[in-house]
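*Asks:* I have a structure I would like to understand better, so I am pasting it below and will then ask my questions one at a time.
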Amino acid sequence: MGITARGVGLLVAAVVLLGAGFRFAYPELTLLGAAAGAAVGYAALVAAWRPRLAVTRRADPDRVARGEPASMTLTVRNTGRLRSANLLAEDRCGARTVPVPVLRLRPGRDTEVRYDVPTHRRGVVPVGPLRVTRRDPLGLVALARPYGAAVPVWVHPRIHPLTAVPRGAGRSLDGRVDGVPHGSITFDSLREYVVGDELRRVHWRTSARMGELMVRENVDTSLPRLVVLLDNRAAAHPHRVGGVAESFESACEAAASIVTAAHRADLPVLLLFVAAESAETTTPDGALGPLDRLAAAELSGDGDAVRAATTRLRQDRLGDTLIFLTGPGGRDELGHVGALRGAYPSVVVGVFGAAEPTPPGAAGLVVVDAADGAQFAAEWDGVRRW
């Protein structure tokens, strides 16, 4: 609860009048002081009354790519029995506020407001809660309360179409590694026949021995497994334009493009960050997808995280194609990435926003210098043939 400047002035006047009335035995002053104090007390009681409002909001859509339109529809319904008089309401949308007309909202009626959500920057835009301010008729006391929960709108990085995804790596028993564009099929196990299975997959010899139809289960042993490692260290993206590291934004767009292309090709892909992710990118149930994680990704001050990340990748061997995306400040760490060539048959590095191209043969890696995500996507067709 907050007392306005008018309320503070009236309260001070009440104290002065009461003091003067009792001190000099002027009943008129005492009466005026008591009236002023009673007015402030009445205003506090009126402002303390909590209107019964039901707030619902709907994002259309709640996940968009950067620059695409998104809107929020807010509905406020008066579920009480009294008219909601002297109310001011505003909804919070990111860093700005949107006025909501709820003044004298009748019981059982609702008001609806639709407004655009800013999507010009990648990120998670928090919308809400609704802030309702209750005032007394004299404007002496104002009390603000939140209504409804905040709803996030996920602004994903732009996705640039890629012509293809990296080739698979087929490993033979003699240790040789061959390029396999679409993987290879290998027998895995047998199971009982179910309606809809193709008869050409029936294993007749086993079926005759078991007395029931058995079909072969195959797996794709050389299906390309992609690992995208995004460098989210502040030291890797030192240049700022209006407080925004454009090289990091470009790296996020490249990561989103690769992840989307892999999903469309039904290829397993894993998105990792060099530094630990912020709290917004992790949930107890781990339900956030890679594009949501990219939307919430922020730069970290952990400058020594590359060594720990590469050590983890070398030990776990999470895939056969490693794509490292960094900024101009990350080229000093390419030696750690180059040491992973023994664990990952294919290693590609994307460097964004560098003033000068990366020296040829840096750490023995295939390095793509790109100004932004669109240029990286344009050069991807040549990169995928390493």
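Residue numbering restarts at 1 for every chain of the structure tokens, chains are lettered A, B, ... in their displayed order, and ligands are numbered from 1 as they appear.
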Which residues come within 7 Å of A:Val124, counting only C-alpha atoms, excluding same-chain residues fewer than 2 positions away, as a list in words?
*Replies:*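 Listing them by chain and then by number gives Pro126, Pro152, Val153, Trp154, Val155, Ala295 and Ala296 of chain A.
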*Asks:* Put those residues in a file: N, CA and C atoms, as a PDB file, in the first residue's frame.
*Replies:*
ATOM      1  N   PRO A 126       9.073 -12.131 -21.183  1.00  0.00           N
ATOM      2  CA  PRO A 126       8.064 -12.392 -20.144  1.00  0.00           C
ATOM      3  C   PRO A 126       6.885 -11.434 -20.304  1.00  0.00           C
ATOM      4  N   PRO A 152       5.667 -16.797 -20.801  1.00  0.00           N
ATOM      5  CA  PRO A 152       6.808 -16.465 -21.662  1.00  0.00           C
ATOM      6  C   PRO A 152       6.468 -16.647 -23.138  1.00  0.00           C
ATOM      7  N   VAL A 153       7.022 -15.789 -23.957  1.00  0.00           N
ATOM      8  CA  VAL A 153       6.974 -15.936 -25.414  1.00  0.00           C
ATOM      9  C   VAL A 153       8.404 -16.179 -25.878  1.00  0.00           C
ATOM     10  N   TRP A 154       8.622 -17.318 -26.515  1.00  0.00           N
ATOM     11  CA  TRP A 154       9.969 -17.735 -26.909  1.00  0.00           C
ATOM     12  C   TRP A 154      10.259 -17.209 -28.311  1.00  0.00           C
ATOM     13  N   VAL A 155      11.262 -16.361 -28.402  1.00  0.00           N
ATOM     14  CA  VAL A 155      11.697 -15.819 -29.697  1.00  0.00           C
ATOM     15  C   VAL A 155      12.957 -16.584 -30.105  1.00  0.00           C
ATOM     16  N   ALA A 295      16.881 -19.826 -27.565  1.00  0.00           N
ATOM     17  CA  ALA A 295      16.196 -18.565 -27.317  1.00  0.00           C
ATOM     18  C   ALA A 295      16.606 -17.975 -25.973  1.00  0.00           C
ATOM     19  N   ALA A 296      16.801 -18.814 -24.970  1.00  0.00           N
ATOM     20  CA  ALA A 296      17.135 -18.351 -23.620  1.00  0.00           C
ATOM     21  C   ALA A 296      18.633 -18.271 -23.366  1.00  0.00           C
TER      22      ALA A 296
END
*Asks:* If you run DSSP on the backbone here, which positions in stretch 71-212 of chain A get alpha helix (DSSP H)? Please write them as a VMD selection string.
*Replies:* chain A and resid 204 to 210
*Asks:* Any chance you could export the current selection's N, CA, C and O atoms as a compact mmCIF listing (two decimals), in the first residue's frame?
*Replies:*
# COMPACT_ATOMS: atom_id res chain seq x y z
N TRP A 204 11.93 -66.92 -41.80
CA TRP A 204 11.14 -68.14 -41.91
C TRP A 204 11.76 -69.30 -41.14
O TRP A 204 11.04 -70.12 -40.56
N ARG A 205 13.09 -69.37 -41.08
CA ARG A 205 13.72 -70.49 -40.38
C ARG A 205 13.41 -70.42 -38.88
O ARG A 205 13.02 -71.42 -38.27
N THR A 206 13.54 -69.25 -38.30
CA THR A 206 13.22 -69.10 -36.88
C THR A 206 11.73 -69.28 -36.63
O THR A 206 11.31 -69.85 -35.61
N SER A 207 10.90 -68.82 -37.57
CA SER A 207 9.46 -68.96 -37.42
C SER A 207 9.06 -70.43 -37.39
O SER A 207 8.18 -70.85 -36.61
N ALA A 208 9.71 -71.26 -38.25
CA ALA A 208 9.39 -72.68 -38.27
C ALA A 208 9.81 -73.35 -36.97
O ALA A 208 9.11 -74.25 -36.46
N ARG A 209 10.93 -72.93 -36.40
CA ARG A 209 11.39 -73.53 -35.15
C ARG A 209 10.55 -73.09 -33.95
O ARG A 209 10.28 -73.87 -33.04
N MET A 210 10.10 -71.80 -33.95
CA MET A 210 9.34 -71.29 -32.83
C MET A 210 7.86 -71.60 -32.92
O MET A 210 7.13 -71.54 -31.92
*Asks:* Under the rule that only C-alpha atoms are counted, which of A:Tyr42, A:Phe248, A:Phe324, A:Tyr115 is the nearest residue to A:Leu294?
*Replies:* A:Phe248
*Asks:* Please measure the separation of atom CA of A:Val337 and atom CA of A:Ala275, giving the value in Å to one decimal.
*Replies:*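 Straight-line distance from atom CA of A:Val337 to atom CA of A:Ala275 works out to 14.7 Å.
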*Asks:* Find the residues near A:Val102: any atom within 10 Å, counting only C-alpha atoms, skip ones fewer than 2 places away on the same chain, and give them as a list in words.
*Replies:*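 Contacts, with the query itself left out: Leu53, Val76, Arg77, Asn78, Ser84, Ala85, Asn86, Leu87, Leu88, Ala89, Glu90, Pro99, Val100, Arg104, Leu105, Arg106, Asp110, Thr111, Glu112 and Val132 of chain A.
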*Asks:* Contacts of A:Arg233 at 9 Å or less, counting only C-alpha atoms, minus same-chain residues fewer than 5 places along, as a ChimeraX atom specification?
*Replies:* /A:274-275,298-306,326,330
*Asks:* Those selected residues, please, written with C-alpha atoms and delivered as a PDB file, in the first residue's frame.
*Replies:*
ATOM      1  CA  VAL A 274      30.655 -24.434 -23.680  1.00  0.00           C
ATOM      2  CA  ALA A 275      29.725 -22.660 -20.442  1.00  0.00           C
ATOM      3  CA  GLU A 298      23.013 -15.907 -22.592  1.00  0.00           C
ATOM      4  CA  LEU A 299      26.704 -15.124 -22.512  1.00  0.00           C
ATOM      5  CA  SER A 300      28.697 -16.375 -19.540  1.00  0.00           C
ATOM      6  CA  GLY A 301      31.832 -15.049 -17.925  1.00  0.00           C
ATOM      7  CA  ASP A 302      33.397 -18.514 -17.567  1.00  0.00           C
ATOM      8  CA  GLY A 303      36.485 -18.006 -19.700  1.00  0.00           C
ATOM      9  CA  ASP A 304      38.092 -21.414 -18.900  1.00  0.00           C
ATOM     10  CA  ALA A 305      35.113 -23.536 -19.912  1.00  0.00           C
ATOM     11  CA  VAL A 306      36.495 -24.666 -23.297  1.00  0.00           C
ATOM     12  CA  THR A 326      32.290 -19.437 -31.819  1.00  0.00           C
ATOM     13  CA  GLY A 330      37.272 -18.046 -29.552  1.00  0.00           C
TER      14      GLY A 330
END
*Asks:* Of the residues A:Arg6, A:Arg114, A:Arg66, A:His239, which is the one nearest to A:Ala256, using only C-alpha atoms?
*Replies:*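 Closest candidate: A:Arg66.
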*Asks:* A:Leu17: which residues within 8 Å, counting only C-alpha atoms, same-chain residues fewer than 5 positions away excluded, as a PyMOL selection string?
*Replies:* chain A and resi 29-30+32-33
*Asks:* Report the distance between atom CA of A:Val228 and atom CA of A:Val269 in Å, rounded to one decimal place.
*Replies:*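 Calculated distance between atom CA of A:Val228 and atom CA of A:Val269 is 7.4 Å.
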*Asks:* Which residues are near A:Ser247? Cut-off 8 Å, only C-alpha atoms, ignore same chain within fewer than 4 positions. Put them as a short mmCIF file (atom, residue, chain, number, x, y, z; two decimals) with C-alpha atoms, in the first residue's frame.
*Replies:*
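The resulting file, out_36.cif, is reproduced below:
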data_model
loop_
_atom_site.label_atom_id
_atom_site.label_comp_id
_atom_site.auth_asym_id
_atom_site.auth_seq_id
_atom_site.Cartn_x
_atom_site.Cartn_y
_atom_site.Cartn_z
CA HIS A 237 32.19 -12.53 -28.44
CA HIS A 239 32.31 -6.85 -29.75
CA ALA A 251 26.21 -18.36 -33.89
CA THR A 326 32.29 -19.44 -31.82
CA GLY A 327 33.14 -15.75 -32.21
CA PRO A 328 36.37 -13.87 -32.97
CA PHE A 352 31.38 -15.38 -36.74
CA GLY A 353 32.05 -11.65 -36.79
CA ALA A 371 29.64 -12.55 -41.07
CA ASP A 372 26.27 -13.91 -39.95
#
*Asks:* List the spatial neighbours of A:Leu45 as an MDAnalysis selection string - criterion: any atom at most 12 Å away, only C-alpha atoms, same-chain residues fewer than 3 positions off excluded.
*Replies:* chainID A and resid 1 38:42 48:50 134:137 140:143
*Asks:* Take the selection from the previous step and output its residues with N, CA and C atoms, as a compact mmCIF listing (two decimals), in the first residue's frame.
*Replies:*
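Okay, this is what ended up in part-v4.txt:
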# COMPACT_ATOMS: atom_id res chain seq x y z
N MET A 1 0.85 -1.19 0.00
CA MET A 1 0.00 0.00 0.00
C MET A 1 0.89 1.24 0.00
N ALA A 38 -9.45 10.84 9.65
CA ALA A 38 -10.48 9.87 9.27
C ALA A 38 -10.54 9.68 7.76
N ALA A 39 -10.30 10.79 7.01
CA ALA A 39 -10.31 10.68 5.55
C ALA A 39 -9.19 9.77 5.06
N VAL A 40 -8.02 9.91 5.66
CA VAL A 40 -6.89 9.04 5.27
C VAL A 40 -7.19 7.58 5.65
N GLY A 41 -7.76 7.35 6.82
CA GLY A 41 -8.11 5.99 7.23
C GLY A 41 -9.15 5.37 6.32
N TYR A 42 -10.17 6.17 5.93
CA TYR A 42 -11.19 5.66 5.02
C TYR A 42 -10.58 5.34 3.65
N ALA A 48 -7.74 -0.93 0.22
CA ALA A 48 -7.41 -2.30 0.63
C ALA A 48 -8.41 -3.32 0.11
N TRP A 49 -9.59 -2.88 -0.32
CA TRP A 49 -10.56 -3.83 -0.86
C TRP A 49 -10.01 -4.45 -2.13
N ARG A 50 -10.02 -5.77 -2.18
CA ARG A 50 -9.43 -6.49 -3.30
C ARG A 50 -10.51 -6.88 -4.31
N ARG A 134 -5.60 -0.05 -7.17
CA ARG A 134 -6.87 0.39 -6.58
C ARG A 134 -6.65 1.71 -5.85
N ARG A 135 -7.48 2.73 -6.18
CA ARG A 135 -7.37 4.04 -5.56
C ARG A 135 -8.69 4.41 -4.88
N ASP A 136 -8.60 5.26 -3.88
CA ASP A 136 -9.81 5.79 -3.26
C ASP A 136 -10.31 6.99 -4.07
N PRO A 137 -11.55 7.40 -3.91
CA PRO A 137 -12.08 8.51 -4.71
C PRO A 137 -11.30 9.82 -4.56
N LEU A 140 -5.99 9.56 -2.19
CA LEU A 140 -5.07 9.66 -1.06
C LEU A 140 -4.18 8.42 -0.92
N VAL A 141 -4.72 7.25 -1.24
CA VAL A 141 -4.00 5.99 -1.06
C VAL A 141 -4.17 5.17 -2.34
N ALA A 142 -3.10 4.50 -2.76
CA ALA A 142 -3.13 3.62 -3.93
C ALA A 142 -2.47 2.30 -3.55
N LEU A 143 -3.09 1.20 -3.96
CA LEU A 143 -2.58 -0.13 -3.65
C LEU A 143 -2.54 -0.94 -4.95
*Asks:* Can you work out which one of A:Arg264, A:Ser278, A:Ser250, A:Arg240 has the shortest atom-to-atom distance to A:Ala370, counting only C-alpha atoms?
*Replies:*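 Under the stated criterion, the closest residue is A:Ser250.
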*Asks:* Pick the closest to A:Pro359 from A:Leu334, A:Ile3, A:Ser71, A:Ala265: which is it, counting only C-alpha atoms?
*Replies:*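 Distance minimum relative to A:Pro359 lands on A:Leu334.
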*Asks:* In Å, how far is it from atom CA of A:Val244 to atom CA of A:Arg122?
*Replies:*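 Between these atoms lies a distance of 10.5 Å.
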*Asks:* I'd like to know which of A:Gly80, A:Ala354, A:Arg109, A:Ala5 is closest to A:Pro238, using only C-alpha atoms.
*Replies:* A:Ala354
*Asks:* If you run DSSP over the backbone, which residues in stretch 226-359 of chain A end up strand (DSSP E)? Put them as a PDB file with N, CA, C and O atoms, in the first residue's frame.
*Replies:*
ATOM      1  N   LEU A 226      25.206 -35.947 -34.854  1.00  0.00           N
ATOM      2  CA  LEU A 226      25.751 -34.600 -34.842  1.00  0.00           C
ATOM      3  C   LEU A 226      25.818 -34.061 -33.421  1.00  0.00           C
ATOM      4  O   LEU A 226      24.900 -34.272 -32.630  1.00  0.00           O
ATOM      5  N   VAL A 227      26.903 -33.365 -33.122  1.00  0.00           N
ATOM      6  CA  VAL A 227      27.070 -32.658 -31.862  1.00  0.00           C
ATOM      7  C   VAL A 227      27.387 -31.207 -32.191  1.00  0.00           C
ATOM      8  O   VAL A 227      28.393 -30.913 -32.839  1.00  0.00           O
ATOM      9  N   VAL A 228      26.501 -30.304 -31.786  1.00  0.00           N
ATOM     10  CA  VAL A 228      26.691 -28.871 -32.011  1.00  0.00           C
ATOM     11  C   VAL A 228      27.141 -28.253 -30.690  1.00  0.00           C
ATOM     12  O   VAL A 228      26.407 -28.289 -29.704  1.00  0.00           O
ATOM     13  N   LEU A 229      28.340 -27.697 -30.685  1.00  0.00           N
ATOM     14  CA  LEU A 229      28.906 -27.074 -29.489  1.00  0.00           C
ATOM     15  C   LEU A 229      28.917 -25.565 -29.700  1.00  0.00           C
ATOM     16  O   LEU A 229      29.654 -25.045 -30.552  1.00  0.00           O
ATOM     17  N   LEU A 230      28.093 -24.858 -28.943  1.00  0.00           N
ATOM     18  CA  LEU A 230      27.962 -23.408 -29.076  1.00  0.00           C
ATOM     19  C   LEU A 230      28.800 -22.721 -27.998  1.00  0.00           C
ATOM     20  O   LEU A 230      28.640 -22.992 -26.806  1.00  0.00           O
ATOM     21  N   VAL A 269      20.751 -35.374 -33.138  1.00  0.00           N
ATOM     22  CA  VAL A 269      21.596 -34.196 -32.970  1.00  0.00           C
ATOM     23  C   VAL A 269      21.549 -33.789 -31.503  1.00  0.00           C
ATOM     24  O   VAL A 269      20.517 -33.893 -30.842  1.00  0.00           O
ATOM     25  N   LEU A 270      22.680 -33.346 -30.991  1.00  0.00           N
ATOM     26  CA  LEU A 270      22.801 -32.943 -29.591  1.00  0.00           C
ATOM     27  C   LEU A 270      23.367 -31.533 -29.550  1.00  0.00           C
ATOM     28  O   LEU A 270      24.391 -31.240 -30.176  1.00  0.00           O
ATOM     29  N   LEU A 271      22.686 -30.647 -28.837  1.00  0.00           N
ATOM     30  CA  LEU A 271      23.133 -29.263 -28.675  1.00  0.00           C
ATOM     31  C   LEU A 271      23.778 -29.099 -27.306  1.00  0.00           C
ATOM     32  O   LEU A 271      23.164 -29.401 -26.273  1.00  0.00           O
ATOM     33  N   LEU A 272      25.011 -28.609 -27.296  1.00  0.00           N
ATOM     34  CA  LEU A 272      25.751 -28.381 -26.061  1.00  0.00           C
ATOM     35  C   LEU A 272      26.263 -26.948 -26.028  1.00  0.00           C
ATOM     36  O   LEU A 272      26.444 -26.325 -27.071  1.00  0.00           O
ATOM     37  N   PHE A 273      26.492 -26.449 -24.820  1.00  0.00           N
ATOM     38  CA  PHE A 273      27.057 -25.125 -24.618  1.00  0.00           C
ATOM     39  C   PHE A 273      28.408 -25.266 -23.937  1.00  0.00           C
ATOM     40  O   PHE A 273      28.598 -26.146 -23.089  1.00  0.00           O
ATOM     41  N   THR A 321      30.197 -36.357 -35.714  1.00  0.00           N
ATOM     42  CA  THR A 321      30.349 -35.080 -36.400  1.00  0.00           C
ATOM     43  C   THR A 321      30.224 -33.969 -35.366  1.00  0.00           C
ATOM     44  O   THR A 321      29.178 -33.818 -34.739  1.00  0.00           O
ATOM     45  N   LEU A 322      31.296 -33.210 -35.182  1.00  0.00           N
ATOM     46  CA  LEU A 322      31.326 -32.122 -34.209  1.00  0.00           C
ATOM     47  C   LEU A 322      31.368 -30.798 -34.946  1.00  0.00           C
ATOM     48  O   LEU A 322      32.198 -30.601 -35.843  1.00  0.00           O
ATOM     49  N   ILE A 323      30.456 -29.906 -34.574  1.00  0.00           N
ATOM     50  CA  ILE A 323      30.389 -28.565 -35.170  1.00  0.00           C
ATOM     51  C   ILE A 323      30.543 -27.560 -34.043  1.00  0.00           C
ATOM     52  O   ILE A 323      29.691 -27.469 -33.158  1.00  0.00           O
ATOM     53  N   PHE A 324      31.633 -26.818 -34.070  1.00  0.00           N
ATOM     54  CA  PHE A 324      31.953 -25.841 -33.022  1.00  0.00           C
ATOM     55  C   PHE A 324      31.685 -24.449 -33.570  1.00  0.00           C
ATOM     56  O   PHE A 324      32.249 -24.046 -34.595  1.00  0.00           O
ATOM     57  N   LEU A 325      30.816 -23.691 -32.904  1.00  0.00           N
ATOM     58  CA  LEU A 325      30.415 -22.360 -33.345  1.00  0.00           C
ATOM     59  C   LEU A 325      30.889 -21.347 -32.310  1.00  0.00           C
ATOM     60  O   LEU A 325      30.522 -21.436 -31.130  1.00  0.00           O
ATOM     61  N   THR A 326      31.691 -20.376 -32.748  1.00  0.00           N
ATOM     62  CA  THR A 326      32.290 -19.437 -31.819  1.00  0.00           C
ATOM     63  C   THR A 326      32.381 -18.062 -32.460  1.00  0.00           C
ATOM     64  O   THR A 326      31.953 -17.847 -33.604  1.00  0.00           O
ATOM     65  N   SER A 346      34.705 -36.143 -38.015  1.00  0.00           N
ATOM     66  CA  SER A 346      34.439 -34.891 -38.732  1.00  0.00           C
ATOM     67  C   SER A 346      34.323 -33.757 -37.719  1.00  0.00           C
ATOM     68  O   SER A 346      33.503 -33.835 -36.807  1.00  0.00           O
ATOM     69  N   VAL A 347      35.152 -32.740 -37.878  1.00  0.00           N
ATOM     70  CA  VAL A 347      35.123 -31.565 -37.002  1.00  0.00           C
ATOM     71  C   VAL A 347      35.120 -30.325 -37.880  1.00  0.00           C
ATOM     72  O   VAL A 347      36.009 -30.140 -38.714  1.00  0.00           O
ATOM     73  N   VAL A 348      34.114 -29.482 -37.699  1.00  0.00           N
ATOM     74  CA  VAL A 348      33.993 -28.236 -38.449  1.00  0.00           C
ATOM     75  C   VAL A 348      33.824 -27.098 -37.456  1.00  0.00           C
ATOM     76  O   VAL A 348      33.128 -27.238 -36.441  1.00  0.00           O
ATOM     77  N   VAL A 349      34.457 -25.963 -37.741  1.00  0.00           N
ATOM     78  CA  VAL A 349      34.397 -24.794 -36.875  1.00  0.00           C
ATOM     79  C   VAL A 349      33.788 -23.636 -37.659  1.00  0.00           C
ATOM     80  O   VAL A 349      34.167 -23.385 -38.807  1.00  0.00           O
ATOM     81  N   GLY A 350      32.838 -22.955 -37.048  1.00  0.00           N
ATOM     82  CA  GLY A 350      32.281 -21.738 -37.612  1.00  0.00           C
ATOM     83  C   GLY A 350      32.670 -20.554 -36.756  1.00  0.00           C
ATOM     84  O   GLY A 350      32.403 -20.547 -35.549  1.00  0.00           O
ATOM     85  N   VAL A 351      33.322 -19.555 -37.349  1.00  0.00           N
ATOM     86  CA  VAL A 351      33.751 -18.346 -36.644  1.00  0.00           C
ATOM     87  C   VAL A 351      32.941 -17.179 -37.195  1.00  0.00           C
ATOM     88  O   VAL A 351      32.950 -16.937 -38.409  1.00  0.00           O
ATOM     89  N   PHE A 352      32.287 -16.434 -36.318  1.00  0.00           N
ATOM     90  CA  PHE A 352      31.381 -15.375 -36.738  1.00  0.00           C
ATOM     91  C   PHE A 352      31.892 -14.012 -36.264  1.00  0.00           C
ATOM     92  O   PHE A 352      32.391 -13.881 -35.145  1.00  0.00           O
TER      93      PHE A 352
END
